[in-house]
>>> print(open('entry.cif').read())   # mmCIF, C-alpha atoms
data_upload
loop_
_atom_site.label_atom_id
_atom_site.label_comp_id
_atom_site.auth_asym_id
_atom_site.auth_seq_id
_atom_site.Cartn_x
_atom_site.Cartn_y
_atom_site.Cartn_z
CA MET A 1 127.85 60.88 17.71
CA ASN A 2 124.34 61.41 16.37
CA LYS A 3 122.25 64.53 16.99
CA GLU A 4 120.12 63.07 19.84
CA SER A 5 123.07 61.79 21.86
CA PHE A 6 124.90 65.07 21.31
CA ILE A 7 121.89 67.02 22.67
CA GLU A 8 121.58 64.58 25.57
CA CYS A 9 125.28 64.99 26.38
CA GLU A 10 124.94 68.78 26.27
CA ARG A 11 121.83 68.63 28.48
CA LYS A 12 123.56 66.42 31.07
CA ARG A 13 126.55 68.76 31.15
CA PHE A 14 124.27 71.75 31.59
CA VAL A 15 122.27 70.07 34.39
CA LYS A 16 125.55 69.15 36.12
CA LEU A 17 126.67 72.77 35.85
CA ILE A 18 123.46 74.25 37.28
CA LYS A 19 123.45 71.69 40.12
CA PHE A 20 127.00 72.60 41.12
CA ARG A 21 127.45 73.34 44.83
CA LEU A 22 130.53 73.42 47.02
CA PRO A 23 130.72 70.86 49.85
CA ASN A 24 129.45 71.92 53.29
CA ARG A 25 132.97 72.47 54.73
CA PHE A 26 133.34 75.48 52.40
CA LEU A 27 130.63 77.29 54.40
CA LYS A 28 133.05 77.65 57.33
CA ILE A 29 135.84 78.71 54.96
CA GLY A 30 133.50 81.37 53.51
CA ILE A 31 132.57 82.62 56.99
CA ALA A 32 136.27 82.80 57.90
CA ILE A 33 137.09 84.80 54.75
CA VAL A 34 134.17 87.18 55.42
CA GLY A 35 135.24 87.58 59.06
CA LEU A 36 138.87 88.26 58.19
CA SER A 37 137.85 90.72 55.46
CA LEU A 38 135.60 92.64 57.87
CA ILE A 39 138.32 92.71 60.54
CA GLY A 40 140.78 93.91 57.89
CA MET A 41 138.38 96.69 56.84
CA VAL A 42 137.87 97.84 60.44
CA VAL A 43 141.61 97.75 61.21
CA ARG A 44 142.35 99.69 58.02
CA GLY A 45 139.68 102.22 59.00
CA PHE A 46 141.17 102.75 62.48
CA PHE A 47 144.77 103.13 61.38
CA HIS A 48 144.56 105.64 58.58
CA VAL A 49 147.72 104.64 56.78
CA SER A 50 148.26 106.49 53.54
CA ASP A 51 148.25 104.65 50.22
CA THR A 52 146.01 101.83 51.40
CA GLU A 53 143.33 102.24 48.75
CA TRP A 54 144.52 98.96 47.20
CA LEU A 55 143.96 97.27 50.59
CA LYS A 56 140.39 98.57 50.70
CA LEU A 57 139.74 97.18 47.22
CA LEU A 58 141.36 93.87 48.19
CA PHE A 59 139.17 93.51 51.30
CA GLN A 60 136.10 94.35 49.24
CA LYS A 61 136.96 91.60 46.78
CA THR A 62 137.73 89.03 49.49
CA LEU A 63 134.47 89.93 51.26
CA LEU A 64 132.51 89.24 48.06
CA VAL A 65 134.43 85.99 47.42
CA GLY A 66 133.75 84.84 51.00
CA MET A 67 130.05 85.61 50.71
CA LEU A 68 129.88 83.87 47.33
CA ILE A 69 131.50 80.76 48.83
CA MET A 70 128.93 80.87 51.67
CA SER A 71 126.15 81.30 49.13
CA ILE A 72 127.06 78.29 46.98
CA SER A 73 128.04 75.91 49.80
CA LYS A 74 125.76 72.98 50.49
CA ASP A 75 123.91 72.55 53.77
CA LYS A 76 124.76 69.63 56.07
CA ILE A 77 121.65 67.90 54.74
CA GLU A 78 120.91 69.17 51.27
CA ASP A 79 117.49 67.97 50.12
CA GLU A 80 114.86 69.09 47.63
CA MET A 81 113.35 71.57 50.06
CA THR A 82 116.63 73.37 50.72
CA ILE A 83 117.24 73.47 46.95
CA GLN A 84 113.83 75.09 46.48
CA LEU A 85 114.43 77.58 49.30
CA ARG A 86 117.83 78.44 47.85
CA ALA A 87 116.26 79.07 44.44
CA GLN A 88 113.66 81.34 46.07
CA SER A 89 116.36 83.26 47.91
CA TYR A 90 118.27 83.83 44.64
CA MET A 91 115.08 85.10 43.02
CA TYR A 92 114.46 87.60 45.85
CA ALA A 93 118.11 88.68 45.76
CA PHE A 94 117.97 89.25 42.01
CA VAL A 95 114.69 91.21 42.06
CA LEU A 96 115.64 93.32 45.09
CA GLY A 97 119.15 93.84 43.67
CA VAL A 98 117.75 95.30 40.46
CA VAL A 99 115.29 97.52 42.39
CA TYR A 100 118.11 98.62 44.71
CA ALA A 101 120.40 99.48 41.78
CA LEU A 102 117.62 101.50 40.14
CA VAL A 103 116.24 103.32 43.19
CA MET A 104 119.19 103.78 45.55
CA PRO A 105 121.12 106.37 43.46
CA TYR A 106 118.04 108.65 43.50
CA VAL A 107 117.57 108.10 47.26
CA GLU A 108 121.22 108.96 47.91
CA PHE A 109 120.97 112.00 45.64
CA GLY A 110 117.70 113.16 47.27
CA VAL A 111 118.88 112.67 50.86
CA SER A 112 122.21 114.35 50.11
CA ASN A 113 120.46 117.39 48.65
CA VAL A 114 117.89 117.62 51.45
CA VAL A 115 120.51 117.41 54.22
CA ASN A 116 123.09 119.66 52.55
CA ASN A 117 121.94 122.44 50.31
CA GLY A 118 123.52 121.68 46.94
CA GLY A 119 124.73 118.22 48.05
CA GLU A 120 126.33 115.46 46.03
CA ALA A 121 125.85 115.12 42.30
CA TYR A 122 123.91 112.15 41.00
CA LYS A 123 126.05 109.02 40.64
CA ASP A 124 125.28 105.36 39.94
CA LEU A 125 126.05 102.63 42.45
CA GLY A 126 129.34 100.79 42.18
CA ASP A 127 129.51 97.06 41.41
CA PHE A 128 130.71 96.29 44.95
CA GLN A 129 127.67 97.94 46.54
CA VAL A 130 125.19 96.11 44.30
CA LEU A 131 126.90 92.71 44.59
CA LEU A 132 127.25 93.06 48.37
CA PHE A 133 123.55 93.92 48.66
CA MET A 134 122.49 90.98 46.48
CA LEU A 135 124.67 88.49 48.36
CA MET A 136 123.47 89.85 51.72
CA ILE A 137 119.83 89.56 50.63
CA GLN A 138 120.39 86.01 49.32
CA LEU A 139 122.08 84.79 52.49
CA MET A 140 119.56 86.55 54.75
CA PHE A 141 116.50 85.28 52.86
CA TYR A 142 117.88 81.74 52.65
CA HIS A 143 118.57 81.73 56.38
CA ASN A 144 115.10 83.09 57.18
CA LEU A 145 113.29 80.79 54.74
CA LYS A 146 115.04 77.81 56.35
CA ARG A 147 114.20 79.09 59.80
CA TYR A 148 110.49 79.50 59.09
CA ARG A 149 110.04 76.44 56.87
CA MET B 150 97.33 69.08 49.35
CA HIS B 151 96.63 67.26 52.60
CA ASN B 152 98.61 64.35 53.91
CA LYS B 153 98.57 61.69 56.60
CA ILE B 154 102.32 61.33 57.00
CA LYS B 155 102.09 61.92 60.73
CA ILE B 156 99.60 59.06 61.11
CA GLU B 157 101.66 56.73 58.92
CA ARG B 158 104.75 57.62 60.91
CA ALA B 159 102.90 56.88 64.14
CA ILE B 160 101.85 53.49 62.75
CA LEU B 161 105.50 52.67 62.06
CA ASN B 162 106.37 54.14 65.47
CA ILE B 163 109.29 56.21 64.19
CA THR B 164 110.32 59.79 64.92
CA GLN B 165 110.55 62.60 62.37
CA ASP B 166 114.31 62.30 62.55
CA GLU B 167 114.26 58.57 61.84
CA LEU B 168 111.85 59.03 58.92
CA ALA B 169 114.05 61.82 57.56
CA GLN B 170 117.13 59.58 57.71
CA LYS B 171 115.31 56.71 55.99
CA ILE B 172 114.34 58.81 52.97
CA GLY B 173 117.42 61.05 52.93
CA VAL B 174 116.01 64.47 53.85
CA SER B 175 116.29 66.76 56.87
CA ARG B 176 113.99 66.55 59.89
CA GLN B 177 112.76 70.07 59.14
CA THR B 178 111.60 68.93 55.71
CA ILE B 179 109.51 66.12 57.28
CA ASN B 180 108.11 68.65 59.75
CA SER B 181 107.14 71.00 56.91
CA ILE B 182 105.50 68.19 54.93
CA GLU B 183 103.51 67.04 57.97
CA ALA B 184 102.38 70.61 58.62
CA ASN B 185 101.26 70.92 54.95
CA ARG B 186 103.71 73.78 54.39
CA TYR B 187 105.67 71.89 51.76
CA VAL B 188 104.50 69.58 48.97
CA PRO B 189 107.19 66.98 48.27
CA SER B 190 108.33 65.90 44.83
CA THR B 191 107.14 62.70 43.17
CA VAL B 192 110.48 61.06 44.02
CA LEU B 193 110.05 61.80 47.72
CA ALA B 194 106.38 60.74 47.64
CA LEU B 195 107.39 57.42 46.07
CA LYS B 196 110.11 56.93 48.68
CA LEU B 197 107.48 57.45 51.39
CA SER B 198 105.15 55.07 49.57
CA LYS B 199 107.86 52.40 49.53
CA LEU B 200 108.58 52.91 53.21
CA PHE B 201 104.91 52.90 54.29
CA LYS B 202 104.16 50.03 51.86
CA LYS B 203 101.09 51.91 50.65
CA PRO B 204 100.12 53.72 47.44
CA VAL B 205 100.79 57.47 47.41
CA ASN B 206 97.05 58.20 47.22
CA ASP B 207 96.58 56.61 50.65
CA PHE B 208 98.50 59.33 52.44
CA PHE B 209 98.36 62.28 50.00
CA GLU B 210 95.11 63.79 48.82
CA LEU B 211 94.26 66.92 46.86
CA SER B 212 92.49 69.71 48.70
CA GLU B 213 89.73 71.85 47.19
CA ASP B 214 92.06 74.71 46.28
CA ASP B 215 94.49 72.44 44.33
#
>>> encode(input="entry.cif", output="structure tokens")
Amino acid sequence: MNKESFIECERKRFVKLIKFRLPNRFLKIGIAIVGLSLIGMVVRGFFHVSDTEWLKLLFQKTLLVGMLIMSISKDKIEDEMTIQLRAQSYMYAFVLGVVYALVMPYVEFGVSNVVNNGGEAYKDLGDFQVLLFMLMIQLMFYHNLKRYR
Amino acid sequence: MHNKIKIERAILNITQDELAQKIGVSRQTINSIEANRYVPSTVLALKLSKLFKKPVNDFFELSEDD
């Protein structure tokens, strides 16, 4: 294999990778996983059973997986405009996610100290909070961009 | 970018939905192109050209701010 064909092969593989989307039927599977995770979280919250911290973490993970599946599932009719709107929604999610991760700890710290004298100590956001926010922003922006296109 | 897709579609007497199916996009995409909210790719423009049997320049033209 010469250098040009090797580069071409690599390029094709890379393009195939970045164009990867799950089929449309996965959207419903994602919604179902998100729904079940939310129900699980609510049920766990109502029935305060001891030693269920692992369950909370599990539901958090399944919620993120469900939202990720929703995020990378194709539309019924996937065309160049929906691809562009999806790319825009990822950009907004990324930018707002970074801003959120930078600003939110200070907001939480400030509010906590204003409401309670000598409130919580400063702490960074967890990965779940940031990822959930980014996925929510992506799905919301994509939905709205499609709605107002 | 201005376009005359709506006029060309009227000449062919087809709906947005039918045009969308013929070139493999959604009806909303055709609606956005007709309303000048979305500029299609060269591939889509050439598909329209083939369907309308006219050069792309006949139904797409640059506006002053392009």
>>> resolve_selection(input="entry.cif", expression="the PyMOL selection byres ((chain B and resi 183-187) around 9)", output="list in words")
Met81 and Arg149 of chain A; Met150, His151, Asn152, Lys153, Ile154, Lys155, Thr178, Ile179, Asn180, Ser181, Ile182, Val188 and Pro189 of chain B
>>> residues_around(input="entry.cif", residues="range 131-134 of chain A", least_positions_apart="3", cutoff="8 Å", atoms="all atoms listed in the file", output="list in words")
Leu64, Ala93, Phe94, Leu96, Gly97, Asp127, Phe128, Ile137 and Gln138 of chain A
>>> atom_distance(input="entry.cif", atom1="CA of Ser198 in chain B", atom2="CA of Asp215 in chain B")
21.0 Å
>>> axis_aligned_box(input="entry.cif", around="range 134-141 of chain A", padding_each_side="4 Å", output="JSON")
{"center_x": 120.6, "center_y": 87.9, "center_z": 50.6, "size_x": 16.2, "size_y": 14.2, "size_z": 16.3}
>>> closest_residue(input="entry.cif", among="B:Leu195, B:Val205, B:Ile172, B:Ile160", to="chain A", atoms="all atoms listed in the file")
B:Ile172
>>> atom_distance(input="entry.cif", atom1="CA of Met136 in chain A", atom2="CA of Val98 in chain A")
13.8 Å
>>> closest_atom_pairs(input="entry.cif", of="range 44-97 of chain A", to="range 25-30 of chain A", cutoff="6 Å", atoms="only C-alpha atoms", output="tab-separated table")
residue	atom	partner	partner_atom	distance
A:Gly66	CA	A:Gly30	CA	4.3
A:Ile69	CA	A:Gly30	CA	5.1
A:Met70	CA	A:Leu27	CA	4.8
A:Ser73	CA	A:Leu27	CA	5.5
>>> atom_distance(input="entry.cif", atom1="CA of Asp214 in chain B", atom2="CA of Ser190 in chain B")
18.6 Å
>>> resolve_selection(input="entry.cif", expression="the PyMOL selection byres ((chain A) within 10 of (chain B))", output="compact mmCIF listing (two decimals) with C-alpha atoms, in the coordinates of the input")
# COMPACT_ATOMS: atom_id res chain seq x y z
CA LYS A 76 124.76 69.63 56.07
CA ILE A 77 121.65 67.90 54.74
CA GLU A 78 120.91 69.17 51.27
CA ASP A 79 117.49 67.97 50.12
CA GLU A 80 114.86 69.09 47.63
CA MET A 81 113.35 71.57 50.06
CA THR A 82 116.63 73.37 50.72
CA LYS A 146 115.04 77.81 56.35
CA ARG A 147 114.20 79.09 59.80
CA TYR A 148 110.49 79.50 59.09
CA ARG A 149 110.04 76.44 56.87
>>> residues_around(input="entry.cif", residues="Arg86 in chain A", least_positions_apart="2", cutoff="9 Å", atoms="all atoms listed in the file", output="ChimeraX atom specification")
/A:71,81-84,88-91,138-139,141-142,145-146
>>> residues_near_point(input="entry.cif", point="(125.3, 115.4, 40.8)", cutoff="12 Å", atoms="all atoms listed in the file", output="list in words")
Pro105, Tyr106, Glu108, Phe109, Gly110, Ser112, Asn113, Gly118, Gly119, Glu120, Ala121, Tyr122, Lys123 and Asp124 of chain A
>>> write_last_selection(input="entry.cif", atoms="C-alpha atoms", output="mmCIF file, in the frame of the given file")
data_model
loop_
_atom_site.group_PDB
_atom_site.id
_atom_site.type_symbol
_atom_site.label_atom_id
_atom_site.label_comp_id
_atom_site.auth_asym_id
_atom_site.auth_seq_id
_atom_site.Cartn_x
_atom_site.Cartn_y
_atom_site.Cartn_z
ATOM 1 C CA PRO A 105 121.120 106.370 43.460
ATOM 2 C CA TYR A 106 118.040 108.650 43.500
ATOM 3 C CA GLU A 108 121.220 108.960 47.910
ATOM 4 C CA PHE A 109 120.970 112.000 45.640
ATOM 5 C CA GLY A 110 117.700 113.160 47.270
ATOM 6 C CA SER A 112 122.210 114.350 50.110
ATOM 7 C CA ASN A 113 120.460 117.390 48.650
ATOM 8 C CA GLY A 118 123.520 121.680 46.940
ATOM 9 C CA GLY A 119 124.730 118.220 48.050
ATOM 10 C CA GLU A 120 126.330 115.460 46.030
ATOM 11 C CA ALA A 121 125.850 115.120 42.300
ATOM 12 C CA TYR A 122 123.910 112.150 41.000
ATOM 13 C CA LYS A 123 126.050 109.020 40.640
ATOM 14 C CA ASP A 124 125.280 105.360 39.940
#
>>> build_atoms(input="entry.cif", residues="range 53-64 of chain A", atoms="all heavy atoms", output="compact mmCIF listing (two decimals), keeping the file's coordinate frame")
# COMPACT_ATOMS: atom_id res chain seq x y z
N GLU A 53 144.54 102.38 49.57
CA GLU A 53 143.33 102.24 48.75
C GLU A 53 143.28 100.84 48.13
O GLU A 53 142.21 100.23 48.04
CB GLU A 53 143.34 103.32 47.65
CG GLU A 53 142.04 103.45 46.87
CD GLU A 53 140.82 103.84 47.70
OE1 GLU A 53 140.99 104.46 48.76
OE2 GLU A 53 139.70 103.50 47.28
N TRP A 54 144.46 100.32 47.78
CA TRP A 54 144.52 98.96 47.20
C TRP A 54 144.06 97.92 48.22
O TRP A 54 143.43 96.92 47.86
CB TRP A 54 145.94 98.65 46.72
CG TRP A 54 146.96 98.60 47.84
CD1 TRP A 54 147.66 99.64 48.36
CD2 TRP A 54 147.35 97.44 48.59
NE1 TRP A 54 148.48 99.22 49.39
CE2 TRP A 54 148.31 97.87 49.55
CE3 TRP A 54 147.00 96.09 48.56
CZ2 TRP A 54 148.90 97.00 50.47
CZ3 TRP A 54 147.60 95.22 49.47
CH2 TRP A 54 148.53 95.68 50.41
N LEU A 55 144.35 98.20 49.52
CA LEU A 55 143.96 97.27 50.59
C LEU A 55 142.43 97.26 50.74
O LEU A 55 141.82 96.21 50.94
CB LEU A 55 144.62 97.72 51.89
CG LEU A 55 144.87 96.64 52.94
CD1 LEU A 55 145.72 95.51 52.38
CD2 LEU A 55 145.51 97.24 54.17
N LYS A 56 141.85 98.45 50.62
CA LYS A 56 140.39 98.57 50.70
C LYS A 56 139.73 97.75 49.57
O LYS A 56 138.80 96.99 49.80
CB LYS A 56 140.00 100.05 50.57
CG LYS A 56 138.51 100.32 50.65
CD LYS A 56 138.23 101.77 50.34
CE LYS A 56 136.76 101.99 50.02
NZ LYS A 56 136.50 103.33 49.50
N LEU A 57 140.27 97.91 48.37
CA LEU A 57 139.74 97.18 47.22
C LEU A 57 139.93 95.67 47.40
O LEU A 57 139.04 94.88 47.07
CB LEU A 57 140.42 97.64 45.92
CG LEU A 57 140.11 99.09 45.51
CD1 LEU A 57 140.97 99.49 44.32
CD2 LEU A 57 138.63 99.27 45.19
N LEU A 58 141.08 95.30 47.95
CA LEU A 58 141.36 93.87 48.19
C LEU A 58 140.36 93.28 49.18
O LEU A 58 139.80 92.20 48.94
CB LEU A 58 142.79 93.70 48.72
CG LEU A 58 143.21 92.26 49.04
CD1 LEU A 58 143.40 91.45 47.75
CD2 LEU A 58 144.48 92.22 49.87
N PHE A 59 140.12 94.00 50.29
CA PHE A 59 139.17 93.51 51.30
C PHE A 59 137.75 93.44 50.74
O PHE A 59 136.98 92.54 51.09
CB PHE A 59 139.22 94.37 52.56
CG PHE A 59 140.44 94.13 53.40
CD1 PHE A 59 141.13 95.20 53.96
CD2 PHE A 59 140.92 92.85 53.64
CE1 PHE A 59 142.26 95.00 54.75
CE2 PHE A 59 142.04 92.63 54.42
CZ PHE A 59 142.72 93.70 54.96
N GLN A 60 137.42 94.39 49.88
CA GLN A 60 136.10 94.35 49.24
C GLN A 60 135.95 93.09 48.39
O GLN A 60 134.93 92.42 48.42
CB GLN A 60 135.90 95.59 48.36
CG GLN A 60 135.62 96.85 49.16
CD GLN A 60 135.36 98.05 48.26
OE1 GLN A 60 135.55 98.01 47.06
NE2 GLN A 60 134.92 99.14 48.87
N LYS A 61 137.00 92.79 47.64
CA LYS A 61 136.96 91.60 46.78
C LYS A 61 136.90 90.32 47.62
O LYS A 61 136.12 89.41 47.32
CB LYS A 61 138.20 91.54 45.87
CG LYS A 61 138.37 92.72 44.92
CD LYS A 61 137.43 92.68 43.74
CE LYS A 61 137.71 93.79 42.76
NZ LYS A 61 136.73 94.84 42.77
N THR A 62 137.72 90.25 48.66
CA THR A 62 137.73 89.03 49.49
C THR A 62 136.40 88.86 50.22
O THR A 62 135.93 87.74 50.42
CB THR A 62 138.90 89.01 50.50
OG1 THR A 62 138.87 90.24 51.25
CG2 THR A 62 140.24 88.87 49.81
N LEU A 63 135.79 89.99 50.61
CA LEU A 63 134.47 89.93 51.26
C LEU A 63 133.45 89.32 50.30
O LEU A 63 132.67 88.42 50.69
CB LEU A 63 134.04 91.34 51.68
CG LEU A 63 132.69 91.45 52.39
CD1 LEU A 63 132.71 90.75 53.75
CD2 LEU A 63 132.28 92.91 52.58
N LEU A 64 133.46 89.77 49.06
CA LEU A 64 132.51 89.24 48.06
C LEU A 64 132.79 87.76 47.78
O LEU A 64 131.85 86.96 47.69
CB LEU A 64 132.60 90.04 46.75
CG LEU A 64 132.08 91.48 46.79
CD1 LEU A 64 132.25 92.14 45.43
CD2 LEU A 64 130.61 91.53 47.20
